[in-house]
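Here's start.tsv, which has TSV, C-alpha atoms:
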```
chain	number	residue	atom	x	y	z
W	1	MET	CA	-37.37	-11.07	53.01
W	2	SER	CA	-40.79	-9.58	53.76
W	3	LYS	CA	-41.07	-5.86	53.08
W	4	ILE	CA	-44.01	-5.16	55.37
W	5	THR	CA	-44.54	-6.21	58.98
W	6	ARG	CA	-47.03	-5.24	61.64
W	7	TYR	CA	-44.46	-5.98	64.34
W	8	LYS	CA	-42.13	-3.41	65.87
W	9	SER	CA	-38.91	-4.27	67.68
W	10	HIS	CA	-38.19	-3.05	71.18
W	11	GLN	CA	-35.12	-0.88	71.57
W	12	SER	CA	-32.69	-1.82	74.30
W	13	ASP	CA	-31.78	0.70	76.98
W	14	GLU	CA	-28.35	2.23	77.61
W	15	ASN	CA	-27.27	-1.01	79.31
W	16	GLY	CA	-28.34	-3.20	76.40
W	17	ILE	CA	-31.41	-4.47	78.25
W	18	VAL	CA	-34.76	-4.99	76.53
W	19	ASN	CA	-37.72	-4.53	78.86
W	20	TRP	CA	-40.14	-7.26	77.82
W	21	SER	CA	-43.74	-7.23	79.00
W	22	ALA	CA	-45.28	-9.97	81.12
W	23	GLN	CA	-47.35	-11.10	78.11
W	24	GLU	CA	-44.27	-11.29	75.87
W	25	ASN	CA	-42.43	-13.38	78.45
W	26	LYS	CA	-45.52	-15.59	78.75
W	27	THR	CA	-45.48	-16.14	74.96
W	28	TRP	CA	-41.78	-17.10	75.11
W	29	ALA	CA	-42.46	-19.56	77.94
W	30	ALA	CA	-45.36	-21.17	76.07
W	31	LEU	CA	-43.37	-21.46	72.82
W	32	LEU	CA	-40.36	-22.90	74.62
W	33	GLU	CA	-42.41	-25.46	76.52
W	34	GLU	CA	-44.20	-26.65	73.38
W	35	GLN	CA	-41.11	-26.79	71.19
W	36	LEU	CA	-38.98	-28.60	73.77
W	37	CYS	CA	-41.59	-31.36	73.67
W	38	LEU	CA	-42.02	-31.37	69.90
W	39	ILE	CA	-38.32	-31.50	68.98
W	40	LYS	CA	-37.66	-34.66	70.99
W	41	GLY	CA	-36.73	-37.31	68.45
W	42	ARG	CA	-37.00	-34.70	65.67
W	43	ALA	CA	-34.12	-32.23	66.12
W	44	CYS	CA	-30.56	-33.26	65.21
W	45	ASP	CA	-28.00	-33.95	67.95
W	46	GLU	CA	-25.85	-30.96	66.96
W	47	TYR	CA	-28.77	-28.63	67.58
W	48	LEU	CA	-29.64	-30.28	70.91
W	49	HIS	CA	-26.03	-29.97	72.05
W	50	GLY	CA	-26.06	-26.25	71.28
W	51	LEU	CA	-29.42	-25.81	72.99
W	52	ASN	CA	-27.95	-27.39	76.10
W	53	LEU	CA	-24.98	-25.01	75.97
W	54	LEU	CA	-27.25	-21.96	75.70
W	55	ASN	CA	-29.36	-23.07	78.66
W	56	LEU	CA	-32.17	-20.70	77.68
W	57	PRO	CA	-34.43	-19.39	80.45
W	58	SER	CA	-37.82	-21.08	80.57
W	59	LYS	CA	-39.92	-18.25	81.99
W	60	HIS	CA	-38.63	-15.13	80.26
W	61	ILE	CA	-36.97	-13.95	77.06
W	62	PRO	CA	-33.16	-13.95	77.40
W	63	GLN	CA	-31.14	-10.78	77.00
W	64	LEU	CA	-28.83	-10.84	73.97
W	65	SER	CA	-25.75	-10.41	76.16
W	66	GLU	CA	-26.54	-13.74	77.84
W	67	VAL	CA	-26.60	-15.51	74.48
W	68	ASN	CA	-23.44	-13.74	73.30
W	69	SER	CA	-21.45	-14.92	76.30
W	70	ILE	CA	-21.92	-18.51	75.06
W	71	LEU	CA	-21.63	-17.94	71.30
W	72	ILE	CA	-18.43	-15.88	71.43
W	73	GLU	CA	-16.66	-18.56	73.44
W	74	ALA	CA	-17.93	-21.40	71.23
W	75	THR	CA	-17.36	-20.07	67.69
W	76	GLY	CA	-16.65	-16.33	67.85
W	77	TRP	CA	-20.19	-15.45	66.76
W	78	GLN	CA	-22.58	-13.07	68.47
W	79	VAL	CA	-26.14	-11.87	68.02
W	80	LYS	CA	-26.88	-8.29	67.03
W	81	GLU	CA	-30.04	-6.34	67.84
W	82	VAL	CA	-31.78	-5.09	64.69
W	83	PRO	CA	-35.15	-3.51	63.77
W	84	SER	CA	-38.06	-5.75	62.73
W	85	LEU	CA	-36.82	-5.80	59.11
W	86	ILE	CA	-33.41	-5.11	57.60
W	87	ASN	CA	-32.31	-4.95	53.98
W	88	PHE	CA	-30.14	-7.57	52.32
W	89	ASP	CA	-27.03	-5.38	52.41
W	90	GLU	CA	-27.21	-5.17	56.19
W	91	PHE	CA	-28.17	-8.83	56.56
W	92	PHE	CA	-25.17	-10.06	54.59
W	93	ARG	CA	-22.83	-7.51	56.19
W	94	LEU	CA	-23.73	-8.77	59.64
W	95	LEU	CA	-23.25	-12.43	58.71
W	96	ALA	CA	-19.93	-11.61	57.04
W	97	ASN	CA	-18.83	-10.17	60.39
W	98	LYS	CA	-20.08	-13.16	62.41
W	99	GLN	CA	-23.04	-11.22	63.78
W	100	PHE	CA	-26.45	-12.88	63.60
W	101	PRO	CA	-29.32	-10.38	63.35
W	102	VAL	CA	-32.03	-10.66	65.99
W	103	ALA	CA	-35.19	-8.57	65.83
W	104	THR	CA	-36.39	-7.78	69.34
W	105	PHE	CA	-40.08	-8.61	69.06
W	106	ILE	CA	-42.03	-11.79	69.67
W	107	ARG	CA	-45.02	-13.17	67.75
W	108	SER	CA	-48.65	-12.74	68.69
W	109	ASN	CA	-50.81	-15.62	69.88
W	110	GLU	CA	-52.60	-15.55	66.50
W	111	GLU	CA	-49.34	-16.54	64.78
W	112	PHE	CA	-48.12	-18.89	67.48
W	113	ASP	CA	-47.66	-21.94	65.23
W	114	TYR	CA	-46.13	-20.25	62.21
W	115	LEU	CA	-44.78	-16.76	61.66
W	116	GLN	CA	-43.51	-15.28	58.37
W	117	GLU	CA	-41.26	-12.72	60.04
W	118	PRO	CA	-38.24	-13.86	62.09
W	119	ASP	CA	-39.01	-12.97	65.71
W	120	ILE	CA	-36.71	-13.36	68.70
W	121	PHE	CA	-37.92	-16.90	69.37
W	122	HIS	CA	-37.14	-17.88	65.80
W	123	GLU	CA	-33.64	-16.40	65.96
W	124	ILE	CA	-32.63	-17.42	69.49
W	125	PHE	CA	-34.30	-20.82	69.79
W	126	GLY	CA	-34.24	-21.70	66.09
W	127	HIS	CA	-30.77	-20.59	65.02
W	128	CYS	CA	-28.49	-19.78	67.93
W	129	PRO	CA	-27.99	-23.33	69.22
W	130	LEU	CA	-26.32	-24.28	65.92
W	131	LEU	CA	-24.17	-21.15	65.90
W	132	THR	CA	-22.21	-23.01	68.59
W	133	ASN	CA	-21.39	-25.68	65.96
W	134	PRO	CA	-18.23	-25.18	63.83
W	135	ALA	CA	-19.73	-26.58	60.59
W	136	PHE	CA	-22.89	-24.48	60.80
W	137	ALA	CA	-20.96	-21.38	61.91
W	138	HIS	CA	-18.48	-21.74	59.03
W	139	PHE	CA	-21.23	-22.24	56.46
W	140	THR	CA	-23.18	-19.20	57.70
W	141	HIS	CA	-20.06	-17.01	57.74
W	142	THR	CA	-19.10	-18.10	54.22
W	143	TYR	CA	-22.64	-17.45	53.03
W	144	GLY	CA	-22.56	-13.96	54.51
W	145	LYS	CA	-19.29	-13.06	52.81
W	146	LEU	CA	-20.50	-14.33	49.43
W	147	GLY	CA	-23.84	-12.57	49.74
W	148	TYR	CA	-22.31	-9.25	50.74
W	149	ALA	CA	-20.17	-9.24	47.58
W	150	ALA	CA	-22.91	-10.57	45.27
W	151	SER	CA	-25.16	-8.74	42.84
W	152	LYS	CA	-28.89	-8.33	43.47
W	153	GLU	CA	-29.63	-11.07	40.93
W	154	ASP	CA	-27.15	-13.47	42.49
W	155	ARG	CA	-28.50	-12.78	45.98
W	156	ALA	CA	-31.90	-14.06	44.91
W	157	PHE	CA	-30.31	-17.42	44.08
W	158	LEU	CA	-28.23	-17.44	47.26
W	159	ALA	CA	-31.39	-16.79	49.26
W	160	ARG	CA	-32.77	-20.14	48.07
W	161	LEU	CA	-29.70	-22.00	49.31
W	162	TYR	CA	-30.04	-20.30	52.71
W	163	TRP	CA	-33.76	-21.10	52.81
W	164	PHE	CA	-33.25	-24.82	52.21
W	165	THR	CA	-30.34	-25.14	54.64
W	166	VAL	CA	-30.23	-22.64	57.51
W	167	GLU	CA	-33.99	-22.08	57.59
W	168	PHE	CA	-35.65	-25.31	56.46
W	169	GLY	CA	-32.90	-27.92	56.29
W	170	LEU	CA	-33.17	-31.55	57.32
W	171	VAL	CA	-30.28	-33.98	57.84
W	172	ASP	CA	-29.89	-37.74	57.59
W	173	THR	CA	-28.60	-39.40	60.76
W	174	PRO	CA	-28.14	-43.00	61.98
W	175	ASP	CA	-31.42	-42.52	63.84
W	176	GLY	CA	-33.35	-41.22	60.83
W	177	ILE	CA	-34.16	-37.83	59.32
W	178	ARG	CA	-33.74	-34.96	61.77
W	179	ILE	CA	-34.32	-31.19	61.67
W	180	TYR	CA	-31.62	-28.52	61.79
W	181	GLY	CA	-33.32	-25.57	60.04
W	182	GLY	CA	-34.28	-22.75	62.39
W	183	GLY	CA	-37.45	-21.97	60.47
W	184	VAL	CA	-38.69	-25.46	61.27
W	185	LEU	CA	-37.39	-25.75	64.83
W	186	SER	CA	-39.02	-22.48	65.88
W	187	SER	CA	-42.42	-23.38	64.38
W	188	PRO	CA	-44.68	-25.90	66.15
W	189	GLY	CA	-46.65	-26.47	62.97
W	190	GLU	CA	-43.67	-26.83	60.65
W	191	THR	CA	-41.86	-29.19	63.03
W	192	ILE	CA	-44.61	-31.78	62.58
W	193	HIS	CA	-45.25	-30.98	58.91
W	194	SER	CA	-41.61	-31.36	57.82
W	195	LEU	CA	-41.25	-34.93	59.04
W	196	GLU	CA	-44.75	-36.38	59.17
W	197	SER	CA	-46.94	-34.73	56.55
W	198	ASP	CA	-47.94	-36.40	53.29
W	199	ASP	CA	-48.08	-32.91	51.73
W	200	CYS	CA	-44.31	-32.51	51.42
W	201	ILE	CA	-41.44	-34.36	49.79
W	202	HIS	CA	-37.85	-34.96	50.88
W	203	MET	CA	-34.99	-34.59	48.42
W	204	PRO	CA	-31.21	-35.10	48.82
W	205	MET	CA	-29.37	-31.81	49.28
W	206	LEU	CA	-27.72	-30.94	46.00
W	207	PRO	CA	-26.73	-27.26	46.22
W	208	LEU	CA	-27.39	-26.62	42.53
W	209	ASP	CA	-30.93	-27.95	42.92
W	210	ALA	CA	-31.55	-25.84	46.02
W	211	LEU	CA	-30.39	-22.72	44.17
W	212	ARG	CA	-33.02	-23.42	41.49
W	213	THR	CA	-35.97	-24.21	43.77
W	214	PRO	CA	-38.64	-21.52	44.29
W	215	TYR	CA	-40.19	-21.10	47.73
W	216	ARG	CA	-42.89	-19.14	49.51
W	217	ILE	CA	-42.49	-17.73	53.00
W	218	ASP	CA	-46.17	-17.77	53.93
W	219	ILE	CA	-46.96	-21.50	53.68
W	220	MET	CA	-45.80	-24.78	55.11
W	221	GLN	CA	-43.01	-25.94	52.85
W	222	PRO	CA	-43.82	-28.48	50.11
W	223	ILE	CA	-40.18	-29.60	49.74
W	224	TYR	CA	-37.25	-30.12	52.10
W	225	TYR	CA	-33.64	-30.91	51.20
W	226	ILE	CA	-31.77	-33.46	53.30
W	227	LEU	CA	-28.05	-33.22	54.07
W	228	GLU	CA	-26.12	-36.49	53.84
W	229	SER	CA	-24.56	-35.65	57.20
W	230	PHE	CA	-24.28	-32.52	59.29
W	231	ASP	CA	-20.62	-32.04	58.37
W	232	SER	CA	-21.76	-31.77	54.74
W	233	LEU	CA	-22.26	-28.08	55.55
W	234	PHE	CA	-18.46	-27.81	55.66
W	235	ASP	CA	-18.27	-29.37	52.20
W	236	ILE	CA	-20.90	-27.00	50.77
W	237	ALA	CA	-19.10	-23.99	52.25
W	238	GLU	CA	-15.90	-25.05	50.49
W	239	MET	CA	-17.59	-25.43	47.08
W	240	ASP	CA	-17.41	-22.71	44.45
W	241	ILE	CA	-20.90	-21.56	45.32
W	242	MET	CA	-20.87	-18.59	42.96
W	243	GLU	CA	-20.00	-20.89	40.07
W	244	LEU	CA	-23.05	-22.94	41.05
W	245	VAL	CA	-25.08	-19.72	41.05
W	246	ASP	CA	-23.92	-19.07	37.47
W	247	GLN	CA	-25.00	-22.58	36.49
W	248	ALA	CA	-28.37	-22.10	38.18
W	249	LYS	CA	-28.97	-18.87	36.27
W	250	LYS	CA	-28.26	-20.61	32.98
W	251	LEU	CA	-30.46	-23.59	33.78
W	252	GLY	CA	-33.31	-21.55	35.24
W	253	LEU	CA	-35.68	-22.27	38.10
W	254	PHE	CA	-37.63	-25.47	38.63
W	255	ALA	CA	-41.39	-25.31	38.37
W	256	PRO	CA	-42.84	-24.32	41.78
W	257	LYS	CA	-44.37	-27.08	43.88
W	258	PHE	CA	-46.97	-24.67	45.25
W	259	LEU	CA	-49.80	-22.55	43.94
W	260	PRO	CA	-49.12	-18.86	43.29
W	261	LYS	CA	-50.01	-16.50	46.12
W	262	GLU	CA	-53.49	-15.08	45.71
W	263	LYS	CA	-53.52	-11.36	44.98
W	264	LYS	CA	-55.65	-9.21	47.24
W	265	VAL	CA	-58.54	-7.54	45.51
W	266	SER	CA	-58.68	-3.85	46.37
```

Whole structure, structure tokens version:
Amino acid sequence: MSKITRYKSHQSDENGIVNWSAQENKTWAALLEEQLCLIKGRACDEYLHGLNLLNLPSKHIPQLSEVNSILIEATGWQVKEVPSLINFDEFFRLLANKQFPVATFIRSNEEFDYLQEPDIFHEIFGHCPLLTNPAFAHFTHTYGKLGYAASKEDRAFLARLYWFTVEFGLVDTPDGIRIYGGGVLSSPGETIHSLESDDCIHMPMLPLDALRTPYRIDIMQPIYYILESFDSLFDIAEMDIMELVDQAKKLGLFAPKFLPKEKKVS
């Protein structure tokens, strides 16, 4: 989780309404139009089914209450307005209570293709469609409960599993490899990179391996893990994940498949 952001969330009014500017709604519309084209033949069917259920507005940013009316009926989940950044305690607490955090800001045009921070487009378009899916909802809820009870050290390992599933996961299907990770589906650049770039590799999803794989949030990913099937998320949720965390700690991390981040010279 990034500790510094130049973005600031809007605060909803007494009726739970966020007053978005015309430019912010224009950014949403442009992102939605581009991603709806890009995800054709690239997003998994489970995601597309959820996207259809949400029926997101094309010209303006939806209010969270509109999204909640669908999620609550589908799986008992809801989205929860949060500031631009929250700490891990609050993040895991929300997930453990079937509340998905949504920061109420949207990216600038300069970061249109890829954004480090999770904005409202990332959360609503990227993640919420799959929160209508029982396997994804169960996995995310289980992850939240484990993370809320975990130590700081263990949370660092759990974060890697989340990164390579919920954020940047791919899945094998009868029609080929498809995307389900919200970090990919909400990024025009990453959508193409994850499936078509020669600068990344695909690996079968083995939870122990994912727990041991370093990542960076500020680059296109060099590695993606592929689920055998979407329902494999149910199987992972039912594993003794904390035992796998203990194994990962003993084995240590894999060597990074990326260069270290350059330090700024003051």

Tell me which protein, DNA and RNA residues are within 9 Å of stretch 227-239 of chain W, counting all atoms listed in the file, leaving out same-chain ones fewer than 4 positions away, and put them as an mmCIF file with C-alpha atoms, in the frame of the given file.
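Writing done, so here's result12.cif:
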```
data_model
loop_
_atom_site.group_PDB
_atom_site.id
_atom_site.type_symbol
_atom_site.label_atom_id
_atom_site.label_comp_id
_atom_site.auth_asym_id
_atom_site.auth_seq_id
_atom_site.Cartn_x
_atom_site.Cartn_y
_atom_site.Cartn_z
ATOM 1 C CA CYS W 44 -30.560 -33.260 65.210
ATOM 2 C CA GLU W 46 -25.850 -30.960 66.960
ATOM 3 C CA PRO W 134 -18.230 -25.180 63.830
ATOM 4 C CA ALA W 135 -19.730 -26.580 60.590
ATOM 5 C CA PHE W 136 -22.890 -24.480 60.800
ATOM 6 C CA HIS W 138 -18.480 -21.740 59.030
ATOM 7 C CA PHE W 139 -21.230 -22.240 56.460
ATOM 8 C CA THR W 140 -23.180 -19.200 57.700
ATOM 9 C CA HIS W 141 -20.060 -17.010 57.740
ATOM 10 C CA THR W 142 -19.100 -18.100 54.220
ATOM 11 C CA TYR W 143 -22.640 -17.450 53.030
ATOM 12 C CA THR W 165 -30.340 -25.140 54.640
ATOM 13 C CA GLY W 169 -32.900 -27.920 56.290
ATOM 14 C CA LEU W 170 -33.170 -31.550 57.320
ATOM 15 C CA VAL W 171 -30.280 -33.980 57.840
ATOM 16 C CA ASP W 172 -29.890 -37.740 57.590
ATOM 17 C CA THR W 173 -28.600 -39.400 60.760
ATOM 18 C CA TYR W 180 -31.620 -28.520 61.790
ATOM 19 C CA PRO W 204 -31.210 -35.100 48.820
ATOM 20 C CA MET W 205 -29.370 -31.810 49.280
ATOM 21 C CA LEU W 206 -27.720 -30.940 46.000
ATOM 22 C CA PRO W 207 -26.730 -27.260 46.220
ATOM 23 C CA GLU W 243 -20.000 -20.890 40.070
ATOM 24 C CA LEU W 244 -23.050 -22.940 41.050
#
```

Pick out the closest residue to W:Lys152 from this set: W:Phe88, W:Tyr7, W:Phe254, W:Trp20. Count all atoms listed in the file.
-> W:Phe88

Minimum-distance residue to W:Ile124, chosen among W:Ala43, W:Leu185, W:Ile72, W:Ala150 (using all atoms listed in the file) = W:Leu185

Which residues come within 7 Å of W:Ile201, counting all atoms listed in the file, excluding same-chain residues fewer than 3 positions away, as a list in words?
-> Pro222, Ile223 and Tyr224 of chain W

Select, from W:Ser58, W:Ser186, W:Ser65, W:Thr27, the residue with the minimum atom-to-atom distance to W:Glu110, counting only C-alpha atoms.
->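 Of W:Ser58, W:Ser186, W:Ser65, W:Thr27, the one nearest W:Glu110, counting only C-alpha atoms, is W:Thr27.
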
For the atom pair atom CA of W:Leu211 and atom CA of W:Phe157, what is the interatomic distance in Å to one decimal place?
-> 5.3 Å

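Remark: for W:Leu64, the closest of the candidate residues W:Glu123, W:Glu262, W:Asp89, W:Glu33 is W:Glu123 (distances computed over only C-alpha atoms).
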